[in-house]
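One file, model-v8.txt, is given below (compact mmCIF, N, CA and C atoms).
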# COMPACT_ATOMS: atom_id res chain seq x y z
N MET A 1 42.14 23.03 -33.10
CA MET A 1 42.28 23.05 -31.66
C MET A 1 40.90 23.08 -30.98
N ILE A 2 40.04 24.00 -31.38
CA ILE A 2 38.72 24.10 -30.78
C ILE A 2 37.89 22.87 -31.15
N GLU A 3 38.10 22.38 -32.39
CA GLU A 3 37.36 21.20 -32.80
C GLU A 3 37.73 19.99 -31.93
N GLY A 4 38.99 19.82 -31.59
CA GLY A 4 39.44 18.73 -30.73
C GLY A 4 38.86 18.87 -29.32
N LEU A 5 38.80 20.09 -28.83
CA LEU A 5 38.23 20.35 -27.51
C LEU A 5 36.74 20.02 -27.48
N LEU A 6 36.02 20.38 -28.55
CA LEU A 6 34.60 20.05 -28.63
C LEU A 6 34.38 18.54 -28.69
N TRP A 7 35.25 17.83 -29.41
CA TRP A 7 35.15 16.37 -29.45
C TRP A 7 35.38 15.78 -28.05
N LEU A 8 36.34 16.30 -27.36
CA LEU A 8 36.65 15.82 -26.02
C LEU A 8 35.47 16.05 -25.07
N ILE A 9 34.87 17.22 -25.11
CA ILE A 9 33.71 17.53 -24.28
C ILE A 9 32.53 16.64 -24.67
N GLY A 10 32.33 16.41 -25.94
CA GLY A 10 31.25 15.54 -26.41
C GLY A 10 31.43 14.10 -25.93
N LEU A 11 32.66 13.59 -26.02
CA LEU A 11 32.93 12.23 -25.55
C LEU A 11 32.73 12.12 -24.04
N TYR A 12 33.18 13.12 -23.33
CA TYR A 12 33.01 13.13 -21.87
C TYR A 12 31.52 13.13 -21.51
N GLY A 13 30.74 13.98 -22.16
CA GLY A 13 29.29 14.04 -21.90
C GLY A 13 28.60 12.73 -22.26
N SER A 14 28.97 12.12 -23.36
CA SER A 14 28.38 10.83 -23.75
C SER A 14 28.71 9.75 -22.74
N GLY A 15 29.93 9.76 -22.25
CA GLY A 15 30.32 8.79 -21.23
C GLY A 15 29.52 8.96 -19.95
N MET A 16 29.32 10.19 -19.54
CA MET A 16 28.55 10.46 -18.33
C MET A 16 27.09 10.02 -18.49
N ILE A 17 26.51 10.26 -19.64
CA ILE A 17 25.13 9.84 -19.89
C ILE A 17 25.03 8.32 -19.86
N ALA A 18 26.00 7.64 -20.47
CA ALA A 18 25.99 6.17 -20.47
C ALA A 18 26.11 5.62 -19.05
N ILE A 19 26.97 6.20 -18.24
CA ILE A 19 27.13 5.75 -16.85
C ILE A 19 25.83 5.93 -16.07
N HIS A 20 25.17 7.06 -16.22
CA HIS A 20 23.92 7.32 -15.51
C HIS A 20 22.81 6.37 -15.97
N LEU A 21 22.74 6.09 -17.25
CA LEU A 21 21.73 5.16 -17.75
C LEU A 21 21.94 3.76 -17.20
N ILE A 22 23.17 3.31 -17.18
CA ILE A 22 23.48 1.98 -16.64
C ILE A 22 23.17 1.93 -15.16
N TYR A 23 23.54 2.96 -14.41
CA TYR A 23 23.27 3.00 -12.97
C TYR A 23 21.77 2.98 -12.70
N ASN A 24 21.00 3.78 -13.42
CA ASN A 24 19.54 3.82 -13.22
C ASN A 24 18.89 2.49 -13.57
N LEU A 25 19.33 1.84 -14.63
CA LEU A 25 18.79 0.54 -15.00
C LEU A 25 19.10 -0.50 -13.92
N ARG A 26 20.33 -0.50 -13.43
CA ARG A 26 20.72 -1.44 -12.38
C ARG A 26 19.93 -1.20 -11.10
N THR A 27 19.70 0.05 -10.74
CA THR A 27 18.95 0.39 -9.54
C THR A 27 17.50 -0.06 -9.66
N LYS A 28 16.88 0.12 -10.82
CA LYS A 28 15.50 -0.30 -11.02
C LYS A 28 15.38 -1.82 -10.91
N ILE A 29 16.33 -2.55 -11.45
CA ILE A 29 16.30 -4.01 -11.36
C ILE A 29 16.44 -4.44 -9.91
N GLN A 30 17.33 -3.81 -9.15
CA GLN A 30 17.51 -4.17 -7.74
C GLN A 30 16.27 -3.85 -6.93
N CYS A 31 15.59 -2.74 -7.22
CA CYS A 31 14.41 -2.35 -6.47
C CYS A 31 13.27 -3.34 -6.66
N THR A 32 13.15 -3.91 -7.84
CA THR A 32 12.06 -4.85 -8.07
C THR A 32 12.34 -6.21 -7.46
N THR A 33 13.61 -6.57 -7.28
CA THR A 33 13.94 -7.87 -6.72
C THR A 33 14.18 -7.83 -5.22
N ARG A 34 14.31 -6.66 -4.65
CA ARG A 34 14.60 -6.51 -3.23
C ARG A 34 13.37 -6.81 -2.39
N LEU A 35 13.56 -7.51 -1.27
CA LEU A 35 12.45 -7.80 -0.38
C LEU A 35 12.01 -6.54 0.35
N LYS A 36 10.73 -6.47 0.63
CA LYS A 36 10.19 -5.33 1.35
C LYS A 36 10.30 -5.56 2.85
N GLN A 37 10.59 -4.49 3.57
CA GLN A 37 10.50 -4.53 5.01
C GLN A 37 9.07 -4.15 5.36
N HIS A 38 8.49 -4.88 6.29
CA HIS A 38 7.10 -4.64 6.65
C HIS A 38 7.02 -4.19 8.11
N PHE A 39 6.45 -3.02 8.30
CA PHE A 39 6.26 -2.46 9.63
C PHE A 39 4.77 -2.36 9.91
N ILE A 40 4.39 -2.63 11.15
CA ILE A 40 3.01 -2.42 11.60
C ILE A 40 3.07 -1.43 12.76
N LEU A 41 2.41 -0.28 12.60
CA LEU A 41 2.33 0.71 13.67
C LEU A 41 0.97 0.57 14.35
N VAL A 42 0.98 0.35 15.64
CA VAL A 42 -0.25 0.24 16.41
C VAL A 42 -0.44 1.57 17.13
N THR A 43 -1.57 2.25 16.86
CA THR A 43 -1.81 3.58 17.41
C THR A 43 -3.11 3.63 18.20
N ILE A 44 -3.14 4.55 19.13
CA ILE A 44 -4.38 4.96 19.79
C ILE A 44 -4.14 6.35 20.38
N ASN A 45 -4.81 7.33 19.83
CA ASN A 45 -4.66 8.73 20.25
C ASN A 45 -3.20 9.17 20.23
N ASN A 46 -2.54 9.00 19.09
CA ASN A 46 -1.14 9.35 18.95
C ASN A 46 -0.92 10.44 17.91
N GLN A 47 -1.77 11.44 17.88
CA GLN A 47 -1.65 12.48 16.85
C GLN A 47 -0.31 13.21 16.93
N ARG A 48 0.29 13.29 18.09
CA ARG A 48 1.57 14.02 18.22
C ARG A 48 2.75 13.21 17.70
N GLN A 49 2.66 11.89 17.68
CA GLN A 49 3.80 11.06 17.30
C GLN A 49 3.66 10.38 15.94
N VAL A 50 2.44 10.11 15.49
CA VAL A 50 2.25 9.22 14.35
C VAL A 50 2.90 9.74 13.07
N GLU A 51 2.80 11.03 12.82
CA GLU A 51 3.41 11.57 11.60
C GLU A 51 4.91 11.42 11.63
N TRP A 52 5.52 11.67 12.78
CA TRP A 52 6.97 11.53 12.91
C TRP A 52 7.39 10.09 12.64
N TYR A 53 6.69 9.13 13.23
CA TYR A 53 7.02 7.72 13.02
C TYR A 53 6.95 7.35 11.54
N ILE A 54 5.86 7.72 10.90
CA ILE A 54 5.66 7.34 9.50
C ILE A 54 6.73 7.97 8.62
N ARG A 55 6.97 9.26 8.80
CA ARG A 55 7.99 9.94 7.98
C ARG A 55 9.38 9.36 8.25
N TYR A 56 9.67 9.04 9.51
CA TYR A 56 10.97 8.47 9.86
C TYR A 56 11.17 7.12 9.17
N ILE A 57 10.16 6.27 9.22
CA ILE A 57 10.29 4.94 8.60
C ILE A 57 10.49 5.07 7.10
N PHE A 58 9.71 5.90 6.44
CA PHE A 58 9.86 6.06 4.99
C PHE A 58 11.20 6.71 4.64
N PHE A 59 11.64 7.67 5.42
CA PHE A 59 12.92 8.32 5.13
C PHE A 59 14.08 7.35 5.31
N MET A 60 14.08 6.63 6.43
CA MET A 60 15.22 5.74 6.70
C MET A 60 15.27 4.58 5.70
N THR A 61 14.15 4.04 5.31
CA THR A 61 14.19 2.97 4.31
C THR A 61 14.60 3.52 2.95
N TRP A 62 14.18 4.74 2.63
CA TRP A 62 14.63 5.37 1.39
C TRP A 62 16.14 5.62 1.46
N TRP A 63 16.61 6.11 2.59
CA TRP A 63 18.02 6.43 2.77
C TRP A 63 18.89 5.18 2.64
N ARG A 64 18.40 4.05 3.15
CA ARG A 64 19.14 2.79 3.09
C ARG A 64 18.89 2.03 1.79
N GLY A 65 18.02 2.54 0.93
CA GLY A 65 17.76 1.90 -0.35
C GLY A 65 16.92 0.64 -0.22
N LYS A 66 16.00 0.64 0.74
CA LYS A 66 15.15 -0.53 0.96
C LYS A 66 13.71 -0.20 0.60
N ASN A 67 12.97 -1.22 0.26
CA ASN A 67 11.53 -1.07 0.02
C ASN A 67 10.82 -1.26 1.35
N VAL A 68 9.71 -0.58 1.53
CA VAL A 68 8.98 -0.67 2.79
C VAL A 68 7.49 -0.79 2.53
N HIS A 69 6.85 -1.51 3.43
CA HIS A 69 5.39 -1.61 3.44
C HIS A 69 4.98 -1.29 4.87
N LEU A 70 4.10 -0.32 5.05
CA LEU A 70 3.73 0.14 6.39
C LEU A 70 2.23 0.00 6.58
N THR A 71 1.85 -0.74 7.62
CA THR A 71 0.45 -0.93 7.95
C THR A 71 0.16 -0.22 9.26
N ILE A 72 -0.90 0.56 9.29
CA ILE A 72 -1.31 1.26 10.50
C ILE A 72 -2.52 0.54 11.08
N VAL A 73 -2.44 0.21 12.37
CA VAL A 73 -3.56 -0.40 13.08
C VAL A 73 -4.00 0.61 14.13
N ASP A 74 -5.20 1.16 13.96
CA ASP A 74 -5.71 2.13 14.91
C ASP A 74 -6.70 1.44 15.84
N LYS A 75 -6.50 1.64 17.13
CA LYS A 75 -7.36 1.00 18.13
C LYS A 75 -8.44 1.94 18.64
N GLY A 76 -8.98 2.77 17.77
CA GLY A 76 -10.10 3.63 18.15
C GLY A 76 -9.69 5.00 18.64
N SER A 77 -8.83 5.67 17.93
CA SER A 77 -8.39 7.01 18.32
C SER A 77 -9.54 8.00 18.29
N HIS A 78 -9.53 8.92 19.26
CA HIS A 78 -10.54 9.97 19.33
C HIS A 78 -9.95 11.33 19.01
N ASP A 79 -8.70 11.36 18.58
CA ASP A 79 -8.06 12.62 18.21
C ASP A 79 -7.87 12.66 16.70
N ASP A 80 -6.90 13.42 16.21
CA ASP A 80 -6.68 13.58 14.77
C ASP A 80 -5.71 12.56 14.18
N THR A 81 -5.49 11.46 14.86
CA THR A 81 -4.54 10.46 14.37
C THR A 81 -4.92 9.97 12.98
N MET A 82 -6.17 9.59 12.78
CA MET A 82 -6.58 9.05 11.47
C MET A 82 -6.57 10.12 10.39
N ALA A 83 -6.85 11.36 10.72
CA ALA A 83 -6.78 12.44 9.73
C ALA A 83 -5.34 12.62 9.25
N ILE A 84 -4.40 12.55 10.17
CA ILE A 84 -2.98 12.67 9.82
C ILE A 84 -2.56 11.50 8.94
N ILE A 85 -3.01 10.31 9.28
CA ILE A 85 -2.67 9.12 8.48
C ILE A 85 -3.25 9.22 7.08
N ARG A 86 -4.47 9.69 6.95
CA ARG A 86 -5.07 9.87 5.62
C ARG A 86 -4.28 10.88 4.79
N LYS A 87 -3.81 11.95 5.43
CA LYS A 87 -3.00 12.94 4.72
C LYS A 87 -1.70 12.32 4.21
N LEU A 88 -1.06 11.52 5.06
CA LEU A 88 0.19 10.88 4.66
C LEU A 88 -0.05 9.78 3.63
N LYS A 89 -1.21 9.13 3.68
CA LYS A 89 -1.56 8.10 2.69
C LYS A 89 -1.63 8.72 1.31
N SER A 90 -2.15 9.94 1.22
CA SER A 90 -2.21 10.60 -0.08
C SER A 90 -0.81 10.93 -0.61
N ARG A 91 0.14 11.07 0.29
CA ARG A 91 1.52 11.36 -0.14
C ARG A 91 2.29 10.09 -0.49
N TYR A 92 2.20 9.06 0.35
CA TYR A 92 3.02 7.86 0.17
C TYR A 92 2.33 6.77 -0.65
N GLY A 93 1.02 6.78 -0.74
CA GLY A 93 0.32 5.84 -1.61
C GLY A 93 0.27 4.41 -1.10
N ASP A 94 0.48 3.45 -2.01
CA ASP A 94 0.29 2.03 -1.72
C ASP A 94 1.14 1.45 -0.59
N PRO A 95 2.38 1.88 -0.40
CA PRO A 95 3.14 1.26 0.69
C PRO A 95 2.56 1.56 2.09
N LEU A 96 1.59 2.44 2.19
CA LEU A 96 0.99 2.79 3.47
C LEU A 96 -0.50 2.48 3.43
N HIS A 97 -0.94 1.61 4.34
CA HIS A 97 -2.38 1.37 4.41
C HIS A 97 -2.80 1.10 5.85
N CYS A 98 -4.09 1.18 6.10
CA CYS A 98 -4.65 1.06 7.45
C CYS A 98 -5.58 -0.14 7.53
N ILE A 99 -5.59 -0.76 8.71
CA ILE A 99 -6.56 -1.80 9.00
C ILE A 99 -7.14 -1.54 10.38
N GLN A 100 -8.29 -2.14 10.64
CA GLN A 100 -8.90 -2.00 11.96
C GLN A 100 -8.23 -2.96 12.92
N ALA A 101 -8.28 -2.61 14.19
CA ALA A 101 -7.63 -3.44 15.21
C ALA A 101 -8.23 -4.84 15.26
N SER A 102 -9.51 -4.96 14.96
CA SER A 102 -10.15 -6.28 14.98
C SER A 102 -9.63 -7.19 13.87
N MET A 103 -9.06 -6.61 12.82
CA MET A 103 -8.53 -7.39 11.70
C MET A 103 -7.08 -7.82 11.89
N LEU A 104 -6.42 -7.34 12.95
CA LEU A 104 -5.00 -7.62 13.14
C LEU A 104 -4.68 -9.10 13.26
N PRO A 105 -5.40 -9.91 14.05
CA PRO A 105 -5.05 -11.34 14.12
C PRO A 105 -5.10 -12.05 12.76
N LYS A 106 -6.14 -11.77 11.97
CA LYS A 106 -6.24 -12.38 10.64
C LYS A 106 -5.13 -11.88 9.73
N TYR A 107 -4.82 -10.59 9.83
CA TYR A 107 -3.76 -9.98 9.03
C TYR A 107 -2.41 -10.62 9.36
N MET A 108 -2.15 -10.84 10.64
CA MET A 108 -0.89 -11.46 11.05
C MET A 108 -0.84 -12.93 10.62
N GLN A 109 -1.96 -13.59 10.65
CA GLN A 109 -2.02 -14.99 10.23
C GLN A 109 -1.67 -15.12 8.74
N GLN A 110 -2.10 -14.15 7.94
CA GLN A 110 -1.78 -14.17 6.52
C GLN A 110 -0.29 -13.95 6.27
N ARG A 111 0.38 -13.29 7.19
CA ARG A 111 1.81 -13.00 7.05
C ARG A 111 2.68 -13.91 7.90
N GLU A 112 2.15 -15.03 8.29
CA GLU A 112 2.90 -15.97 9.12
C GLU A 112 4.13 -16.45 8.36
N GLY A 113 5.24 -16.45 9.05
CA GLY A 113 6.49 -16.86 8.44
C GLY A 113 7.27 -15.71 7.82
N LYS A 114 6.65 -14.56 7.69
CA LYS A 114 7.34 -13.39 7.15
C LYS A 114 7.76 -12.50 8.30
N HIS A 115 8.88 -11.82 8.13
CA HIS A 115 9.36 -10.93 9.18
C HIS A 115 8.56 -9.63 9.17
N VAL A 116 7.84 -9.39 10.24
CA VAL A 116 7.04 -8.18 10.39
C VAL A 116 7.50 -7.49 11.67
N PHE A 117 7.78 -6.22 11.56
CA PHE A 117 8.27 -5.42 12.69
C PHE A 117 7.09 -4.65 13.27
N ILE A 118 6.63 -5.02 14.47
CA ILE A 118 5.46 -4.39 15.10
C ILE A 118 5.92 -3.32 16.08
N ILE A 119 5.34 -2.13 15.93
CA ILE A 119 5.70 -1.00 16.78
C ILE A 119 4.44 -0.45 17.43
N HIS A 120 4.41 -0.46 18.74
CA HIS A 120 3.32 0.16 19.49
C HIS A 120 3.80 1.56 19.86
N ILE A 121 3.17 2.57 19.31
CA ILE A 121 3.66 3.94 19.49
C ILE A 121 3.63 4.35 20.96
N ASN A 122 2.70 3.83 21.74
CA ASN A 122 2.61 4.21 23.16
C ASN A 122 3.70 3.58 24.02
N GLN A 123 4.47 2.65 23.49
CA GLN A 123 5.48 1.96 24.28
C GLN A 123 6.87 2.45 23.87
N HIS A 124 7.58 3.03 24.82
CA HIS A 124 8.86 3.67 24.53
C HIS A 124 9.95 2.68 24.13
N HIS A 125 9.88 1.45 24.63
CA HIS A 125 10.90 0.49 24.23
C HIS A 125 10.78 0.13 22.75
N ASP A 126 9.58 0.24 22.17
CA ASP A 126 9.42 0.03 20.73
C ASP A 126 10.10 1.14 19.94
N LEU A 127 10.07 2.35 20.46
CA LEU A 127 10.76 3.46 19.81
C LEU A 127 12.26 3.19 19.76
N ARG A 128 12.82 2.71 20.86
CA ARG A 128 14.26 2.39 20.87
C ARG A 128 14.58 1.28 19.87
N ARG A 129 13.69 0.27 19.80
CA ARG A 129 13.90 -0.81 18.83
C ARG A 129 13.87 -0.28 17.40
N LEU A 130 12.94 0.65 17.13
CA LEU A 130 12.84 1.23 15.80
C LEU A 130 14.09 2.02 15.46
N LEU A 131 14.58 2.82 16.39
CA LEU A 131 15.76 3.64 16.13
C LEU A 131 17.00 2.78 15.89
N THR A 132 17.11 1.64 16.57
CA THR A 132 18.27 0.79 16.37
C THR A 132 18.09 -0.17 15.20
N HIS A 133 16.88 -0.29 14.67
CA HIS A 133 16.63 -1.18 13.55
C HIS A 133 17.36 -0.73 12.29
N PHE A 134 17.48 0.57 12.11
CA PHE A 134 18.13 1.10 10.93
C PHE A 134 19.58 1.31 11.20
As structure tokens, the full file:
Amino acid sequence: MIEGLLWLIGLYGSGMIAIHLIYNLRTKIQCTTRLKQHFILVTINNQRQVEWYIRYIFFMTWWRGKNVHLTIVDKGSHDDTMAIIRKLKSRYGDPLHCIQASMLPKYMQQREGKHVFIIHINQHHDLRRLLTHF
């Protein structure tokens, strides 16, 4: 009786492990083939908002199971905006990078034909567009 119960528990555990392995393998394959969403945040003296925007974008794309690439364009902030971005860069790594405002036209030209979502943090209608994007 106990031996049969142990066999049943063992089979159940093996089945659960197999299901999890198949699910993880399938998820990894989908993540590598999925297109990235590309956001460009344009900032200038936005230390109060920039961290919220960045965390929101990464959380919502993670929540929806999407890949994201986030580019920050700073137009010469005199506050702690860039310090906050550097701190978040150490957390999020490669999907988050910064460029200078003077490089934006060339950067956009390289991405011509690709869907890029541009958000100006100082403009409230961009915030509404971001919130409805997800």
Gap from CA of Arg26 in chain A to CA of His38 in chain A - Å, one decimal: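 Taking CA of Arg26 in chain A as the start and CA of His38 in chain A as the end point, the length is 23.6 Å.
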Give me, as a ChimeraX atom specification, all polymer residues having an atom no more than 6.5 Å from Val42 in chain A, counting only N, CA and C atoms and skipping those fewer than 2 positions away in the same chain. /A:40,44,71-75,118-122
Output of the above residues as a short mmCIF file (atom, residue, chain, number, x, y, z; two decimals), keeping the file's coordinate frame, restricted to N, CA and C atoms:
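Ended up saving to again.cif:
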data_model
loop_
_atom_site.label_atom_id
_atom_site.label_comp_id
_atom_site.auth_asym_id
_atom_site.auth_seq_id
_atom_site.Cartn_x
_atom_site.Cartn_y
_atom_site.Cartn_z
N ILE A 40 4.39 -2.63 11.15
CA ILE A 40 3.01 -2.42 11.60
C ILE A 40 3.07 -1.43 12.76
N ILE A 44 -3.14 4.55 19.13
CA ILE A 44 -4.38 4.96 19.79
C ILE A 44 -4.14 6.35 20.38
N THR A 71 1.85 -0.74 7.62
CA THR A 71 0.45 -0.93 7.95
C THR A 71 0.16 -0.22 9.26
N ILE A 72 -0.90 0.56 9.29
CA ILE A 72 -1.31 1.26 10.50
C ILE A 72 -2.52 0.54 11.08
N VAL A 73 -2.44 0.21 12.37
CA VAL A 73 -3.56 -0.40 13.08
C VAL A 73 -4.00 0.61 14.13
N ASP A 74 -5.20 1.16 13.96
CA ASP A 74 -5.71 2.13 14.91
C ASP A 74 -6.70 1.44 15.84
N LYS A 75 -6.50 1.64 17.13
CA LYS A 75 -7.36 1.00 18.13
C LYS A 75 -8.44 1.94 18.64
N ILE A 118 6.63 -5.02 14.47
CA ILE A 118 5.46 -4.39 15.10
C ILE A 118 5.92 -3.32 16.08
N ILE A 119 5.34 -2.13 15.93
CA ILE A 119 5.70 -1.00 16.78
C ILE A 119 4.44 -0.45 17.43
N HIS A 120 4.41 -0.46 18.74
CA HIS A 120 3.32 0.16 19.49
C HIS A 120 3.80 1.56 19.86
N ILE A 121 3.17 2.57 19.31
CA ILE A 121 3.66 3.94 19.49
C ILE A 121 3.63 4.35 20.96
N ASN A 122 2.70 3.83 21.74
CA ASN A 122 2.61 4.21 23.16
C ASN A 122 3.70 3.58 24.02
#
Please report, as a ChimeraX atom specification, each residue of chain A to which DSSP assigns helix (DSSP H, G or I) when run on this structure's backbone. /A:2-33,50-63,81-92,101-110,124-133
Edge lengths and centre in Å to one decimal, as lines of an AutoDock Vina configuration file, of the axis-aligned box that encloses all listed atoms of range 10-28 of chain A with 8 Å added on every side?
center_x = 24.3
center_y = 7.3
center_z = -18.0
size_x = 33.8
size_y = 34.2
size_z = 32.9
Which residues come within 7 Å of Asp80 in chain A, counting only N, CA and C atoms, excluding same-chain residues fewer than 4 positions away, as number ranges by chain? A: 45-47, 84-85
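Residues of range 1-116 of chain A that DSSP places in strand (DSSP E or B), based on the backbone of this structure, are Lys36, Gln37, His38, Phe39, Ile40, Leu41, Val42, Thr43, Asn67, Val68, His69, Leu70, Thr71, Ile72, Val73, Asp74, Leu96, His97, Cys98, Ile99, Gln100 and Val116 of chain A.
As for atom C of Leu130 in chain A and CA of Met60 in chain A, they are spaced 9.6 Å apart.
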Quick one: distance from CA of Arg55 in chain A to CA of Asp79 in chain A in Å, one decimal?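 It comes out at 19.2 Å.
Residue nearest Leu88 in chain A, chosen from A:Ile54, A:Ile2, A:Lys36, A:Trp63 and counting only C-alpha atoms: A:Ile54.
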Using only C-alpha atoms, find the one residue out of A:Thr81, A:Gln123, A:Gln100, A:Asn67 that sits nearest to Trp52 in chain A. A:Thr81
Selected residue of minimal separation from Leu96 in chain A among A:Ile22, A:Met108, A:Ala83, A:Val68, counting only C-alpha atoms: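 The shortest atom-to-atom distance to Leu96 in chain A comes from A:Val68.
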Minimum-distance residue to Phe117 in chain A, chosen among A:Ser90, A:Gly4, A:Leu25, A:Leu41 (using all atoms listed in the file):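 Ranking A:Ser90, A:Gly4, A:Leu25, A:Leu41 by distance to Phe117 in chain A, first place goes to A:Leu41.
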